[in-house]
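Peer 1: File name work-v3.tsv; file contents TSV, C-alpha atoms; full text below.
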chain	number	residue	atom	x	y	z
C	1206	MET	CA	-22.76	-24.36	68.80
C	1207	LEU	CA	-21.68	-21.06	67.30
C	1208	PHE	CA	-24.53	-20.66	64.78
C	1209	HIS	CA	-27.34	-22.55	66.50
C	1210	GLN	CA	-30.56	-20.59	66.05
C	1211	ARG	CA	-34.20	-21.59	66.00
C	1212	GLY	CA	-36.19	-21.42	62.83
C	1213	SER	CA	-35.28	-22.46	59.33
C	1214	LYS	CA	-35.58	-18.89	57.97
C	1215	VAL	CA	-32.87	-17.69	60.36
C	1216	LYS	CA	-30.68	-20.70	59.48
C	1217	ARG	CA	-31.10	-19.98	55.76
C	1218	SER	CA	-30.18	-16.33	56.35
C	1219	VAL	CA	-27.08	-17.32	58.34
C	1220	LEU	CA	-25.98	-19.73	55.62
C	1221	ALA	CA	-26.64	-17.11	52.94
C	1222	VAL	CA	-24.44	-14.57	54.72
C	1223	ILE	CA	-21.63	-17.08	55.20
C	1224	LEU	CA	-21.77	-18.17	51.57
C	1225	ALA	CA	-22.00	-14.59	50.35
C	1226	SER	CA	-19.06	-13.43	52.46
C	1227	THR	CA	-16.99	-16.30	51.09
C	1228	LEU	CA	-17.87	-15.43	47.51
C	1229	CYS	CA	-17.18	-11.72	47.97
C	1230	ALA	CA	-13.55	-12.30	46.99
C	1231	ALA	CA	-14.64	-11.97	43.36
C	1232	PRO	CA	-14.30	-8.30	42.32
C	1233	GLY	CA	-17.62	-6.51	42.35
C	1234	TRP	CA	-19.70	-9.60	43.06
C	1235	ALA	CA	-21.28	-8.20	46.20
C	1236	GLN	CA	-22.60	-5.21	44.28
C	1237	VAL	CA	-24.83	-7.39	42.10
C	1238	PHE	CA	-28.19	-8.41	43.48
C	1239	ALA	CA	-30.92	-10.05	41.42
C	1240	LYS	CA	-33.62	-7.98	43.16
C	1241	PRO	CA	-33.66	-5.09	45.64
C	1242	GLU	CA	-35.26	-7.46	48.18
C	1243	THR	CA	-32.17	-9.66	47.95
C	1244	ALA	CA	-29.92	-6.75	48.89
C	1245	VAL	CA	-32.12	-5.93	51.88
C	1246	GLU	CA	-32.13	-9.55	53.09
C	1247	TYR	CA	-28.35	-9.75	52.58
C	1248	ARG	CA	-27.59	-6.71	54.73
C	1249	ARG	CA	-30.21	-7.61	57.35
C	1250	SER	CA	-28.71	-11.09	57.70
C	1251	ALA	CA	-25.20	-9.75	58.18
C	1252	LEU	CA	-26.34	-7.10	60.67
C	1253	PHE	CA	-28.39	-9.71	62.55
C	1254	LEU	CA	-25.32	-11.91	62.98
C	1255	MET	CA	-23.15	-8.99	64.05
C	1256	GLY	CA	-25.73	-7.87	66.62
C	1257	ASN	CA	-26.27	-11.41	67.87
C	1258	HIS	CA	-22.56	-11.89	68.45
C	1259	MET	CA	-22.23	-8.52	70.17
C	1260	GLN	CA	-24.95	-9.73	72.54
C	1261	ARG	CA	-23.03	-12.98	73.09
C	1262	ILE	CA	-19.89	-11.05	74.01
C	1263	LYS	CA	-21.89	-8.85	76.39
C	1264	ALA	CA	-23.39	-11.94	78.04
C	1265	GLU	CA	-19.91	-13.35	78.59
C	1266	LEU	CA	-18.61	-10.06	79.97
C	1267	ASP	CA	-21.54	-9.95	82.41
C	1268	VAL	CA	-20.53	-13.18	84.19
C	1269	SER	CA	-17.80	-13.54	86.79
C	1270	LYS	CA	-15.65	-15.87	84.67
C	1271	PRO	CA	-16.12	-15.04	80.97
C	1272	LYS	CA	-15.24	-17.74	78.45
C	1273	LEU	CA	-12.49	-16.15	76.40
C	1274	GLU	CA	-12.89	-18.74	73.65
C	1275	SER	CA	-16.52	-17.69	73.14
C	1276	ILE	CA	-15.58	-14.02	73.13
C	1277	ARG	CA	-12.80	-14.64	70.61
C	1278	ALA	CA	-15.09	-16.62	68.30
C	1279	SER	CA	-17.75	-13.91	68.34
C	1280	ALA	CA	-15.27	-11.06	67.93
C	1281	THR	CA	-13.64	-12.82	64.98
C	1282	LEU	CA	-16.99	-13.39	63.29
C	1283	ILE	CA	-18.02	-9.75	63.79
C	1284	ASP	CA	-14.67	-8.62	62.40
C	1285	THR	CA	-15.11	-10.90	59.38
C	1286	LEU	CA	-18.59	-9.54	58.67
C	1287	LYS	CA	-17.91	-5.85	59.41
C	1288	THR	CA	-17.92	-4.72	55.76
C	1289	VAL	CA	-20.48	-7.18	54.38
C	1290	PRO	CA	-23.74	-5.32	55.09
C	1291	PHE	CA	-22.52	-2.05	53.61
C	1292	GLU	CA	-22.12	-3.63	50.18
C	1293	ALA	CA	-25.91	-4.00	50.09
C	1294	PHE	CA	-26.94	-0.41	50.83
C	1295	VAL	CA	-27.42	0.14	47.13
C	1296	PRO	CA	-29.75	2.65	45.45
C	1297	GLY	CA	-33.32	1.45	45.17
C	1298	THR	CA	-33.31	-0.47	48.45
C	1299	ASP	CA	-34.30	2.36	50.78
C	1300	ASP	CA	-37.98	1.42	51.07
C	1301	VAL	CA	-38.03	-2.21	49.97
C	1302	GLY	CA	-39.40	-4.95	52.19
C	1303	ASP	CA	-38.78	-5.09	55.90
C	1304	THR	CA	-35.93	-2.61	56.18
C	1305	ALA	CA	-35.00	-0.45	59.14
C	1306	ALA	CA	-32.79	1.74	56.96
C	1307	LYS	CA	-33.66	5.42	57.06
C	1308	PRO	CA	-33.63	7.45	53.82
C	1309	GLU	CA	-30.78	9.54	55.26
C	1310	ILE	CA	-28.40	6.69	54.38
C	1311	TRP	CA	-28.80	7.72	50.74
C	1312	THR	CA	-29.08	11.48	51.29
C	1313	GLU	CA	-26.03	11.61	53.61
C	1314	PRO	CA	-23.80	8.89	52.10
C	1315	GLU	CA	-20.46	10.40	53.17
C	1316	ARG	CA	-21.47	10.62	56.83
C	1317	PHE	CA	-22.96	7.12	56.70
C	1318	LYS	CA	-19.69	5.78	55.23
C	1319	LYS	CA	-17.70	7.64	57.88
C	1320	LEU	CA	-19.70	6.09	60.72
C	1321	ALA	CA	-19.48	2.65	59.10
C	1322	GLY	CA	-15.70	3.08	58.87
C	1323	GLU	CA	-15.49	4.06	62.54
C	1324	MET	CA	-17.47	0.96	63.50
C	1325	GLN	CA	-15.21	-1.22	61.35
C	1326	ASP	CA	-12.09	0.22	63.00
C	1327	ARG	CA	-13.48	-0.35	66.49
C	1328	VAL	CA	-14.61	-3.88	65.65
C	1329	ALA	CA	-11.06	-4.64	64.46
C	1330	LYS	CA	-9.77	-3.39	67.82
C	1331	LEU	CA	-12.31	-5.60	69.61
C	1332	ASP	CA	-11.08	-8.63	67.68
C	1333	GLU	CA	-7.48	-7.71	68.51
C	1334	ALA	CA	-8.33	-7.31	72.20
C	1335	ALA	CA	-10.22	-10.63	72.23
C	1336	ARG	CA	-7.21	-12.41	70.75
C	1337	SER	CA	-4.99	-10.87	73.45
C	1338	GLY	CA	-7.10	-12.40	76.24
C	1339	ASP	CA	-6.83	-9.21	78.31
C	1340	LEU	CA	-10.30	-8.78	79.85
C	1341	ALA	CA	-9.81	-5.08	80.62
C	1342	ALA	CA	-8.83	-4.43	77.00
C	1343	ILE	CA	-11.77	-6.53	75.78
C	1344	ARG	CA	-14.23	-4.61	77.97
C	1345	SER	CA	-12.88	-1.26	76.74
C	1346	ALA	CA	-12.87	-2.30	73.06
C	1347	PHE	CA	-16.36	-3.79	73.40
C	1348	SER	CA	-17.66	-0.54	74.88
C	1349	GLU	CA	-16.11	1.49	72.04
C	1350	ALA	CA	-17.48	-0.85	69.37
C	1351	GLY	CA	-20.93	-0.63	70.95
C	1352	LYS	CA	-20.77	3.17	70.94
C	1353	ALA	CA	-19.86	3.14	67.25
C	1354	CYS	CA	-22.81	0.85	66.46
C	1355	LYS	CA	-25.16	3.06	68.47
C	1356	SER	CA	-24.06	6.29	66.80
C	1357	CYS	CA	-24.99	4.89	63.39
C	1358	HIS	CA	-28.23	3.31	64.64
C	1359	ASP	CA	-29.31	6.59	66.26
C	1360	ASP	CA	-29.14	8.44	62.95
C	1361	TYR	CA	-29.73	5.80	60.29
C	1362	ARG	CA	-31.92	3.06	61.74
C	1363	LYS	CA	-35.70	3.32	62.13
C	1364	LYS	CA	-37.15	2.55	65.54
C	1365	ARG	CA	-39.06	-0.74	65.53
Translate this file's structure into structure tokens.

Peer 2:
Amino acid sequence: MLFHQRGSKVKRSVLAVILASTLCAAPGWAQVFAKPETAVEYRRSALFLMGNHMQRIKAELDVSKPKLESIRASATLIDTLKTVPFEAFVPGTDDVGDTAAKPEIWTEPERFKKLAGEMQDRVAKLDEAARSGDLAAIRSAFSEAGKACKSCHDDYRKKR
């Protein structure tokens, strides 16, 4: 099952991200959070799903006969979510709750946005490669997407 996870808290977070991404079609909706903690949970949930599905793709690419259907499903989900977390990096959420966000996100917003945009472009290419079914193209696009994720994490994510 695509979203099977243990623990009701994780399931609630997954459902919240899916619902939120569906409702984001309303102009400006994603910018409104009742509390700073809600924004942090929102972005953490989206990033958790993206990371989880990157790991799923890697696991498939590590076996001798990868399941292209699984890779496609994960790549499509990552592509769908690629902008969602960035809507929740709003002022006042830099040191709220359990966040791994470094303060530099807010002191270097242009660079942060640039790296987020690079990741989003590479994730789109991963989704395109996954839909093509070409394993060499998938491997290359996955590597590039992973590098884009890492470059942002290196500078803007606290070590845990």

Peer 1: List the spatial neighbours of Pro1241 in chain C as number ranges by chain - criterion: any atom at most 8 Å away, only C-alpha atoms, same-chain residues fewer than 3 positions off excluded.

Peer 2: C: 1238, 1244-1245, 1297-1298, 1301

Peer 1: Applying 10 Å and only C-alpha atoms, which residues near Gly1322 in chain C remain after dropping the ones on its own chain fewer than 6 positions away? List them as a VMD selection string.

Peer 2: chain C and resid 1287 to 1288 1316 1328 1353

Peer 1: Mind checking which residues fall within 10 Å of Glu1274 in chain C, counting only C-alpha atoms, ignoring those fewer than 4 positions away in the same chain, and posting them as a list in words?

Peer 2: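 That gives Ala1278, Ser1279, Ala1280, Ala1335, Arg1336 and Gly1338 of chain C.
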
Peer 1: When you draw a straight line from CA of Ala1321 in chain C to CA of Ile1276 in chain C, how long is it in Å?

Peer 2: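 For CA of Ala1321 in chain C relative to CA of Ile1276 in chain C, the distance reads 22.1 Å.
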
Peer 1: For CA of Asp1284 in chain C and CA of Ala1329 in chain C, determine how far apart the two atoms are, in Å to one decimal place.

Peer 2: 5.8 Å

Peer 1: Measure the distance from CA of Ser1356 in chain C to CA of Arg1277 in chain C in Å and round it to one decimal.

Peer 2: 24.1 Å

Peer 1: Would you list the contacts of Glu1246 in chain C as an MDAnalysis selection string, taking every protein, DNA or RNA residue within 9 Å and counting only C-alpha atoms, but skipping same-chain residues closer than 5 positions in sequence?

Peer 2: chainID C and resid 1218 1241 1251 1293 1302:1304

Peer 1: Taking all atoms listed in the file into account, which of C:Cys1357, C:Ala1346, C:Leu1340, C:Ala1239 comes nearest Val1268 in chain C?

Peer 2: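 Among the listed residues, the smallest separation from Val1268 in chain C belongs to C:Leu1340.
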
Peer 1: Would you mind telling me which residue in C:Lys1330, C:Leu1282, C:Pro1314, C:Lys1263 lies nearest to Ala1342 in chain C when using all atoms listed in the file?

Peer 2: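 Going through C:Lys1330, C:Leu1282, C:Pro1314, C:Lys1263 one by one, the smallest distance to Ala1342 in chain C is for C:Lys1330.
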
Peer 1: If we count only C-alpha atoms and set the cut-off at 12 Å, which residues sit around Asp1360 in chain C, ignoring sequence neighbours fewer than 4 positions away in its own chain? Please answer as a list in words.

Peer 2: Ala1305, Ala1306, Lys1307, Pro1308, Glu1309, Ile1310, Glu1313, Arg1316, Phe1317, Leu1320, Ala1321, Ala1353, Cys1354, Lys1355, Ser1356 and Lys1364 of chain C

Peer 1: Using only C-alpha atoms, which of C:Val1237, C:Ile1262, C:Leu1273, C:Val1289 sits nearest Ser1250 in chain C?

Peer 2: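 Nearest candidate to Ser1250 in chain C out of C:Val1237, C:Ile1262, C:Leu1273, C:Val1289: C:Val1289.
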